[in-house]
Amino acid sequence: MFAVTATRFDPDNPLTGLTLGDRPEPGVPDGWTTVTVRAASLNHHDLFTLKGVGIRAEQLPMVLGTDAAGIDEDGNEVVVHSVIGTGADETLDPKRSLLSERHDGTFAERVAVPRRNLVPKPACLGFEEAACLPTAWLTAYRMLFDKAGLEPGSTVLVQGAGGGVATALIMLARAGGYRVWATSRSEDKRARALELGADQVFESGARLPERVDAVMETVGQATWAHSLKALRPGGRIVVSGATSGAVPPADLNRVFFLQLSVVGSTMGTREQLGRLVRFLEQTGTRPLIDRTLPLAEAREGFAAMHEGALFGKVVFTLPG
Ligand SMILES: NC(=O)c1ccc[n+]([C@@H]2O[C@H](COP(=O)([O-])OP(=O)(O)OC[C@H]3O[C@@H](n4cnc5c(N)ncnc54)[C@H](OP(=O)(O)O)[C@@H]3O)[C@@H](O)[C@H]2O)c1
């Protein structure tokens, strides 16, 4: 089958390890099933894998991709939950992994997944929209509605407006009744964030009109100091990513003196993915797609993400 695979690591030029071509059909362990992929979306996780983050060299070659929507063995339209783990909250399973970390991922004609990881896809969501949900949108949903501890009407700051998680945060926060402020390095992306539903936008690092109740952080080092300064006393940063670096100064004086909370968040549970699907059904909110490409042209999508030239999700499609 055709697949997009990581064949080696290069931290500086990750696209050199990207290989498109024929791969064996996935093995199907007991309790697992096969999904015929109709659409899959790109995440920064896929670039990190090509840089050698979160995976060992002896696991290569590895089919990339954490997200997919497609058809199960019984002909049902499904969304694939990407977290492989057990327990009431599988994201807390110490042995949990995401598709493409230990098991081949979704950038292929077919992917094997545990049966419990199939979530029904409602007819109102297209395959391309549904393929955006399992990583970026699920992560945003859990950050905002589970970890942030906010009530509707609160003010939330989203750092790095253009990203897949960030655009999801802006749209979910808007639909959930929050006041949404967003930052971006790019004027064009700031204008687009306003169109998406942000109430106000700011240059990265800019002084804000007032302090916010919570900050949604995925950029990391480049925005961390600003995130701490942006919070009201007792406010909370929810962090799920560190695209620009993971070890900024902690500024502990500010953390204890203002009694701030720093809360980590990763992906979400299968139940939360089900509720996210229902949230989109109920509110009419739909994932923002920057571009849709045939899987055979995946390299173009990876390059755009590497250059930071995206606003929303990149989706790869396969013929039905
Ligand atoms: N923990 C989890 O479960 C989980 C799940 C999903 C994603 N993540 C992580 O979250 C991060 C975002 O993922 P994504 O898929 O949304 O990636 P993405 O679409 O590539 O978005 C990255 C965004 O970060 C901003 N950015 C990058 N470098 C920056 C810099 N030096 N200064 C300021 N802003 C910068 C950019 O915003 P502007 O250009 O608008 O400034 C860009 O749009 C990644 O680190 C990813 O690994 C974690």
# chains A, B, ... in the order shown; residues from 1 in each chain; ligands from 1

$ residues_near_ligand --ligand "ligand 1" --cutoff "6 Å" --atoms "only C-alpha atoms and all ligand atoms" --output "number ranges by chain"
A: 43-45, 135-136, 139, 160-166, 184-185, 189, 218-219, 222, 240-244, 265-267, 305, 308

$ write_last_selection --atoms "C-alpha atoms" --output "tab-separated table (two decimals), in the first residue's frame"
chain	number	residue	atom	x	y	z
A	43	ASN	CA	0.39	17.80	13.04
A	44	HIS	CA	3.61	19.29	14.33
A	45	HIS	CA	4.09	15.87	15.96
A	135	THR	CA	-4.95	15.44	17.78
A	136	ALA	CA	-5.12	19.23	17.37
A	139	THR	CA	-5.97	18.70	22.50
A	160	GLY	CA	0.60	31.65	18.21
A	161	ALA	CA	-2.75	32.08	16.49
A	162	GLY	CA	-1.93	30.34	13.23
A	163	GLY	CA	-1.26	26.81	14.49
A	164	GLY	CA	-3.53	23.80	14.19
A	165	VAL	CA	-4.14	23.65	17.95
A	166	ALA	CA	-4.33	27.46	18.21
A	184	SER	CA	0.67	35.98	16.29
A	185	ARG	CA	4.00	37.03	14.83
A	189	LYS	CA	-2.42	35.74	10.67
A	218	THR	CA	1.62	25.68	22.63
A	219	VAL	CA	4.51	27.87	21.40
A	222	ALA	CA	9.25	32.15	22.57
A	240	SER	CA	0.34	21.33	25.63
A	241	GLY	CA	3.27	22.15	23.37
A	242	ALA	CA	6.64	23.83	23.05
A	243	THR	CA	7.19	24.36	19.33
A	244	SER	CA	9.86	27.05	19.81
A	265	SER	CA	-2.33	18.80	29.01
A	266	THR	CA	-1.93	16.04	26.43
A	267	MET	CA	-4.43	14.88	23.82
A	305	MET	CA	4.43	23.49	8.29
A	308	GLY	CA	5.44	28.11	9.66

$ closest_atom_pairs --of "region 141-226 of chain A" --to "region 268-288 of chain A" --cutoff "10 Å" --atoms "only C-alpha atoms" --output "tab-separated table"
residue	atom	partner	partner_atom	distance
A:Tyr141	CA	A:Leu276	CA	6.8
A:Arg142	CA	A:Gly268	CA	5.9
A:Met143	CA	A:Gly268	CA	8.8
A:Phe145	CA	A:Gln272	CA	9.9
A:Asp146	CA	A:Gln272	CA	9.4
A:Gly164	CA	A:Leu288	CA	8.2
A:Thr167	CA	A:Leu288	CA	7.1
A:Ala168	CA	A:Pro287	CA	6.8
A:Met171	CA	A:Thr285	CA	7.2
A:Leu172	CA	A:Thr285	CA	7.6
A:Arg174	CA	A:Thr285	CA	9.5
A:Ala175	CA	A:Thr283	CA	6.9
A:Gly176	CA	A:Thr283	CA	8.9
A:Leu196	CA	A:Leu288	CA	8.7

$ atom_distance --atom1 "CA of Leu150 (chain A)" --atom2 "CA of Val212 (chain A)"
11.0 Å

$ select_by_dssp --residues "region 79-113 of chain A" --states "strand (DSSP E)" --output "VMD selection string"
chain A and resid 79 to 80 83 to 84 97 to 98 110 to 113

$ atom_distance --atom1 "CA of Val63 (chain A)" --atom2 "CA of Leu99 (chain A)"
9.0 Å

$ atom_distance --atom1 "CA of Leu258 (chain A)" --atom2 "CA of Gly234 (chain A)"
6.1 Å

$ closest_atom_pairs --of "region 77-134 of chain A" --to "region 15-31 of chain A" --cutoff "8 Å" --atoms "only C-alpha atoms" --output "Markdown table"
| residue | atom | partner | partner_atom | distance |
| --- | --- | --- | --- | --- |
| A:Asp104 | CA | A:Pro26 | CA | 7.2 |
| A:Arg110 | CA | A:Pro26 | CA | 7.2 |
| A:Val111 | CA | A:Pro26 | CA | 6.3 |
| A:Ala112 | CA | A:Val28 | CA | 5.8 |
| A:Val113 | CA | A:Val28 | CA | 7.8 |
| A:Pro114 | CA | A:Gly31 | CA | 5.9 |
| A:Arg115 | CA | A:Gly31 | CA | 6.0 |

$ write_last_selection --atoms "N, CA and C atoms" --output "short mmCIF file (atom, residue, chain, number, x, y, z; two decimals), in the first residue's frame"
data_model
loop_
_atom_site.label_atom_id
_atom_site.label_comp_id
_atom_site.auth_asym_id
_atom_site.auth_seq_id
_atom_site.Cartn_x
_atom_site.Cartn_y
_atom_site.Cartn_z
N ASP A 104 2.46 1.79 13.38
CA ASP A 104 2.39 2.60 12.16
C ASP A 104 1.19 3.54 12.20
N ARG A 110 -4.23 2.15 4.56
CA ARG A 110 -4.91 1.48 5.67
C ARG A 110 -4.08 1.62 6.95
N VAL A 111 -4.80 1.69 8.10
CA VAL A 111 -4.13 1.77 9.40
C VAL A 111 -4.81 0.80 10.35
N ALA A 112 -4.00 0.12 11.17
CA ALA A 112 -4.55 -0.78 12.20
C ALA A 112 -4.67 -0.01 13.51
N VAL A 113 -5.82 -0.16 14.18
CA VAL A 113 -6.06 0.53 15.47
C VAL A 113 -6.85 -0.38 16.40
N PRO A 114 -6.72 -0.17 17.72
CA PRO A 114 -7.58 -0.93 18.64
C PRO A 114 -9.05 -0.63 18.33
N ARG A 115 -9.89 -1.67 18.44
CA ARG A 115 -11.32 -1.50 18.13
C ARG A 115 -11.95 -0.36 18.93
#

$ select_by_dssp --residues "region 122-172 of chain A" --states "helix (DSSP H, G or I)" --output "PyMOL selection string"
chain A and resi 127-130+133-147+164-172

$ write_last_selection --atoms "C-alpha atoms" --output "mmCIF file, in the first residue's frame"
data_model
loop_
_atom_site.group_PDB
_atom_site.id
_atom_site.type_symbol
_atom_site.label_atom_id
_atom_site.label_comp_id
_atom_site.auth_asym_id
_atom_site.auth_seq_id
_atom_site.Cartn_x
_atom_site.Cartn_y
_atom_site.Cartn_z
ATOM 1 C CA PHE A 127 -13.925 13.106 6.126
ATOM 2 C CA GLU A 128 -11.535 16.045 5.761
ATOM 3 C CA GLU A 129 -13.087 17.934 8.688
ATOM 4 C CA ALA A 130 -13.270 14.791 10.821
ATOM 5 C CA LEU A 133 -10.136 16.275 15.245
ATOM 6 C CA PRO A 134 -8.105 13.463 16.888
ATOM 7 C CA THR A 135 -4.953 15.442 17.782
ATOM 8 C CA ALA A 136 -5.117 19.234 17.368
ATOM 9 C CA TRP A 137 -8.820 19.701 18.062
ATOM 10 C CA LEU A 138 -9.003 17.111 20.843
ATOM 11 C CA THR A 139 -5.972 18.705 22.505
ATOM 12 C CA ALA A 140 -7.612 22.134 22.282
ATOM 13 C CA TYR A 141 -10.915 20.772 23.642
ATOM 14 C CA ARG A 142 -9.274 19.243 26.733
ATOM 15 C CA MET A 143 -7.087 22.307 27.383
ATOM 16 C CA LEU A 144 -10.041 24.659 27.260
ATOM 17 C CA PHE A 145 -12.991 22.733 28.654
ATOM 18 C CA ASP A 146 -11.260 20.310 31.057
ATOM 19 C CA LYS A 147 -7.944 21.797 32.222
ATOM 20 C CA GLY A 164 -3.535 23.803 14.194
ATOM 21 C CA VAL A 165 -4.144 23.652 17.950
ATOM 22 C CA ALA A 166 -4.326 27.455 18.211
ATOM 23 C CA THR A 167 -6.978 27.895 15.509
ATOM 24 C CA ALA A 168 -8.992 25.129 17.201
ATOM 25 C CA LEU A 169 -8.648 26.931 20.547
ATOM 26 C CA ILE A 170 -9.884 30.216 19.066
ATOM 27 C CA MET A 171 -12.918 28.606 17.435
ATOM 28 C CA LEU A 172 -13.840 26.391 20.410
#

$ closest_residue --among "A:Val201, A:Ala3, A:Ala40, A:Ala131" --to "Asp188 (chain A)" --atoms "only C-alpha atoms"
A:Val201

$ closest_residue --among "A:Ser204, A:Gln221, A:Ser154, A:Thr292" --to "Gly235 (chain A)" --atoms "only C-alpha atoms"
A:Ser154

$ residues_around --residues "Gly52 (chain A)" --least-positions-apart "6" --cutoff "12 Å" --atoms "only C-alpha atoms" --output "PyMOL selection string"
chain A and resi 6-15+17+45-46+58-62+101

$ write_last_selection --atoms "C-alpha atoms" --output "PDB file, in the first residue's frame"
ATOM      1  CA  ALA A   6       9.875   8.494   8.388  1.00  0.00           C
ATOM      2  CA  THR A   7      13.044   6.697   7.263  1.00  0.00           C
ATOM      3  CA  ARG A   8      15.674   8.754   9.109  1.00  0.00           C
ATOM      4  CA  PHE A   9      16.050  11.669  11.514  1.00  0.00           C
ATOM      5  CA  ASP A  10      17.405  15.114  10.767  1.00  0.00           C
ATOM      6  CA  PRO A  11      16.800  17.787  13.431  1.00  0.00           C
ATOM      7  CA  ASP A  12      17.644  20.670  11.061  1.00  0.00           C
ATOM      8  CA  ASN A  13      16.199  19.431   7.747  1.00  0.00           C
ATOM      9  CA  PRO A  14      13.430  17.063   8.818  1.00  0.00           C
ATOM     10  CA  LEU A  15      12.060  16.656   5.288  1.00  0.00           C
ATOM     11  CA  GLY A  17      13.862  11.699   6.178  1.00  0.00           C
ATOM     12  CA  HIS A  45       4.089  15.865  15.956  1.00  0.00           C
ATOM     13  CA  ASP A  46       4.886  14.473  12.475  1.00  0.00           C
ATOM     14  CA  GLU A  58      15.546   1.304  15.712  1.00  0.00           C
ATOM     15  CA  GLN A  59      11.781   1.932  15.278  1.00  0.00           C
ATOM     16  CA  LEU A  60      12.303   3.269  11.745  1.00  0.00           C
ATOM     17  CA  PRO A  61      10.860   3.060   9.181  1.00  0.00           C
ATOM     18  CA  MET A  62       7.610   4.310  10.739  1.00  0.00           C
ATOM     19  CA  GLU A 101       5.086   6.405  17.893  1.00  0.00           C
TER      20      GLU A 101
END

$ residues_around --residues "Ile84 (chain A)" --least-positions-apart "3" --cutoff "6 Å" --atoms "only C-alpha atoms" --output "compact mmCIF listing (two decimals) with N, CA and C atoms, in the first residue's frame"
# COMPACT_ATOMS: atom_id res chain seq x y z
N ARG A 96 1.09 4.68 27.52
CA ARG A 96 0.33 5.12 26.35
C ARG A 96 1.27 5.61 25.24
N SER A 97 0.76 5.47 24.01
CA SER A 97 1.48 6.04 22.87
C SER A 97 0.45 6.61 21.90
N LEU A 98 0.93 7.37 20.94
CA LEU A 98 0.06 7.84 19.86
C LEU A 98 0.39 7.03 18.62
